[in-house]
Amino acid sequence: MQGMFQGETAITIDDKGRLAIPTAYRDLVARACGNRLVVTYNPYEAGCLWLYPEAAWEKVRDQVNALPNAKRVHRNLQLKLVGAATTVEPDGNGRLLLPASHRNAAAIDKKAVLLGMGGKFELWSEQAHLAQIRQTIGEDEISEDMLDLRL
């Protein structure tokens with residue numbers, strides 16, 4: 001499953017709040033999760049939703065729910081990920097209906113960008129995606145884990 005989704009696709013959200021799964025991903029989504037995806041908030045960046053295949057989501061959900069909820073940051077993560085999680089399935093035309101609450105909170109309107117990020121998708125508002133792409137990684141931000149990369 002890991003490394004399954006990759007690539008960037010400009011997406012149009014229709015008036016009913018539906019996005020068409022790119023044809024290149026439709027068979028993969030059907031095989032990976034029987035067409036059941038879970039949409040939830042990205043707790044780290046504004047303007048982005050995460051879409052997990054159902055089985056991958058269940059592992060994430062269980063890890064997040066196992067965090068002790070005595071800490072506010074854990075409750076916040078549980079709220080954004082587990083509390084907001086909604087299962088979506090494509091219709092006969094390969095379209096997913098995104099909940100209005102999710103679209104509004106992430107400011108995803110007509111134009112969006114779908115990124116395949118290995119085991120999940122990220123759906124970004126066009127503006128938030130542009131802002132992320134235009135940011136460069138400064139030398140002072142490079143982590144120890146990044147030093148051995150040969151890019």
# chains A, B, ... in the order shown; residues from 1 in each chain; ligands from 1

$ residues_around --residues "Thr40 (chain A)" --least-positions-apart "2" --cutoff "8 Å" --atoms "only C-alpha atoms" --output "list in words"
Val38, Asn42, Leu49, Trp50, Leu51, Lys80, Leu81, Val82, Ala84, Ala85, Thr86 and His102 of chain A

$ write_last_selection --atoms "N, CA and C atoms" --output "short mmCIF file (atom, residue, chain, number, x, y, z; two decimals), in the first residue's frame"
data_model
loop_
_atom_site.label_atom_id
_atom_site.label_comp_id
_atom_site.auth_asym_id
_atom_site.auth_seq_id
_atom_site.Cartn_x
_atom_site.Cartn_y
_atom_site.Cartn_z
N VAL A 38 -11.66 7.79 3.54
CA VAL A 38 -12.03 8.57 4.72
C VAL A 38 -11.41 9.95 4.57
N ASN A 42 -6.33 18.01 7.79
CA ASN A 42 -4.89 17.99 7.99
C ASN A 42 -4.64 18.85 9.23
N LEU A 49 -7.18 18.96 3.17
CA LEU A 49 -7.86 17.79 3.73
C LEU A 49 -7.05 16.55 3.40
N TRP A 50 -7.16 15.54 4.24
CA TRP A 50 -6.51 14.25 3.98
C TRP A 50 -7.58 13.25 3.59
N LEU A 51 -7.27 12.40 2.61
CA LEU A 51 -8.15 11.31 2.19
C LEU A 51 -7.36 10.00 2.28
N LYS A 80 -9.59 16.91 15.36
CA LYS A 80 -9.38 17.23 13.95
C LYS A 80 -9.32 15.99 13.07
N LEU A 81 -8.78 14.92 13.60
CA LEU A 81 -8.66 13.71 12.78
C LEU A 81 -9.84 12.77 12.96
N VAL A 82 -10.06 12.30 14.16
CA VAL A 82 -11.07 11.27 14.39
C VAL A 82 -12.48 11.87 14.42
N ALA A 84 -13.63 14.44 13.02
CA ALA A 84 -14.06 14.98 11.73
C ALA A 84 -14.09 13.93 10.62
N ALA A 85 -13.66 12.71 10.91
CA ALA A 85 -13.53 11.69 9.86
C ALA A 85 -14.89 11.31 9.29
N THR A 86 -14.96 11.29 7.97
CA THR A 86 -16.18 10.93 7.26
C THR A 86 -15.83 9.98 6.12
N HIS A 102 -16.24 20.29 5.75
CA HIS A 102 -14.82 20.08 5.48
C HIS A 102 -14.32 21.08 4.43
#

$ select_by_dssp --residues "chain A" --states "alpha helix (DSSP H)" --output "NGL selection string"
:A and (23-33 or 54-65 or 72-78 or 100-105 or 126-134)

$ residues_around --residues "region 110-114 of chain A" --least-positions-apart "3" --cutoff "12 Å" --atoms "only C-alpha atoms" --output "PyMOL selection string"
chain A and resi 5-22+25+47-51+103-104+106-107+117+120-130+132-133

$ residues_around --residues "Val29 (chain A)" --least-positions-apart "5" --cutoff "12 Å" --atoms "only C-alpha atoms" --output "list of chain:residue names"
A:Met1, A:Met4, A:Phe5, A:Ile21, A:Pro22, A:Thr23, A:Ala24, A:Gly34, A:Asn35, A:Arg36, A:Leu37, A:Val38, A:Leu51, A:Tyr52, A:Pro53, A:Glu54, A:Ala55, A:Ala56, A:Val88, A:Glu89, A:Pro90, A:Gly94, A:Leu96, A:Gly116, A:Gly119, A:Lys120, A:Phe121

$ atom_distance --atom1 "CA of Arg61 (chain A)" --atom2 "CA of His74 (chain A)"
12.4 Å

$ select_by_dssp --residues "region 59-111 of chain A" --states "strand (DSSP E or B)" --output "list in words"
Thr86, Thr87, Val88, Arg95, Leu96, Leu97 and Lys111 of chain A

$ write_last_selection --atoms "N, CA and C atoms" --output "compact mmCIF listing (two decimals), in the first residue's frame"
# COMPACT_ATOMS: atom_id res chain seq x y z
N THR A 86 -14.96 11.29 7.97
CA THR A 86 -16.18 10.93 7.26
C THR A 86 -15.83 9.98 6.12
N THR A 87 -16.55 8.88 6.02
CA THR A 87 -16.32 7.94 4.93
C THR A 87 -17.04 8.44 3.68
N VAL A 88 -16.34 8.42 2.56
CA VAL A 88 -16.92 8.83 1.28
C VAL A 88 -16.65 7.72 0.26
N ARG A 95 -16.98 10.22 -8.82
CA ARG A 95 -16.96 11.49 -8.08
C ARG A 95 -17.18 11.24 -6.60
N LEU A 96 -16.42 11.98 -5.79
CA LEU A 96 -16.57 11.94 -4.33
C LEU A 96 -17.30 13.19 -3.88
N LEU A 97 -18.28 13.03 -3.01
CA LEU A 97 -18.97 14.17 -2.42
C LEU A 97 -18.24 14.54 -1.12
N LYS A 111 -11.51 25.45 -7.28
CA LYS A 111 -10.22 24.94 -7.76
C LYS A 111 -9.42 24.38 -6.60

$ atom_distance --atom1 "CA of Val64 (chain A)" --atom2 "CA of Ala105 (chain A)"
21.0 Å

$ atom_distance --atom1 "CA of Leu77 (chain A)" --atom2 "CA of Ala100 (chain A)"
20.6 Å
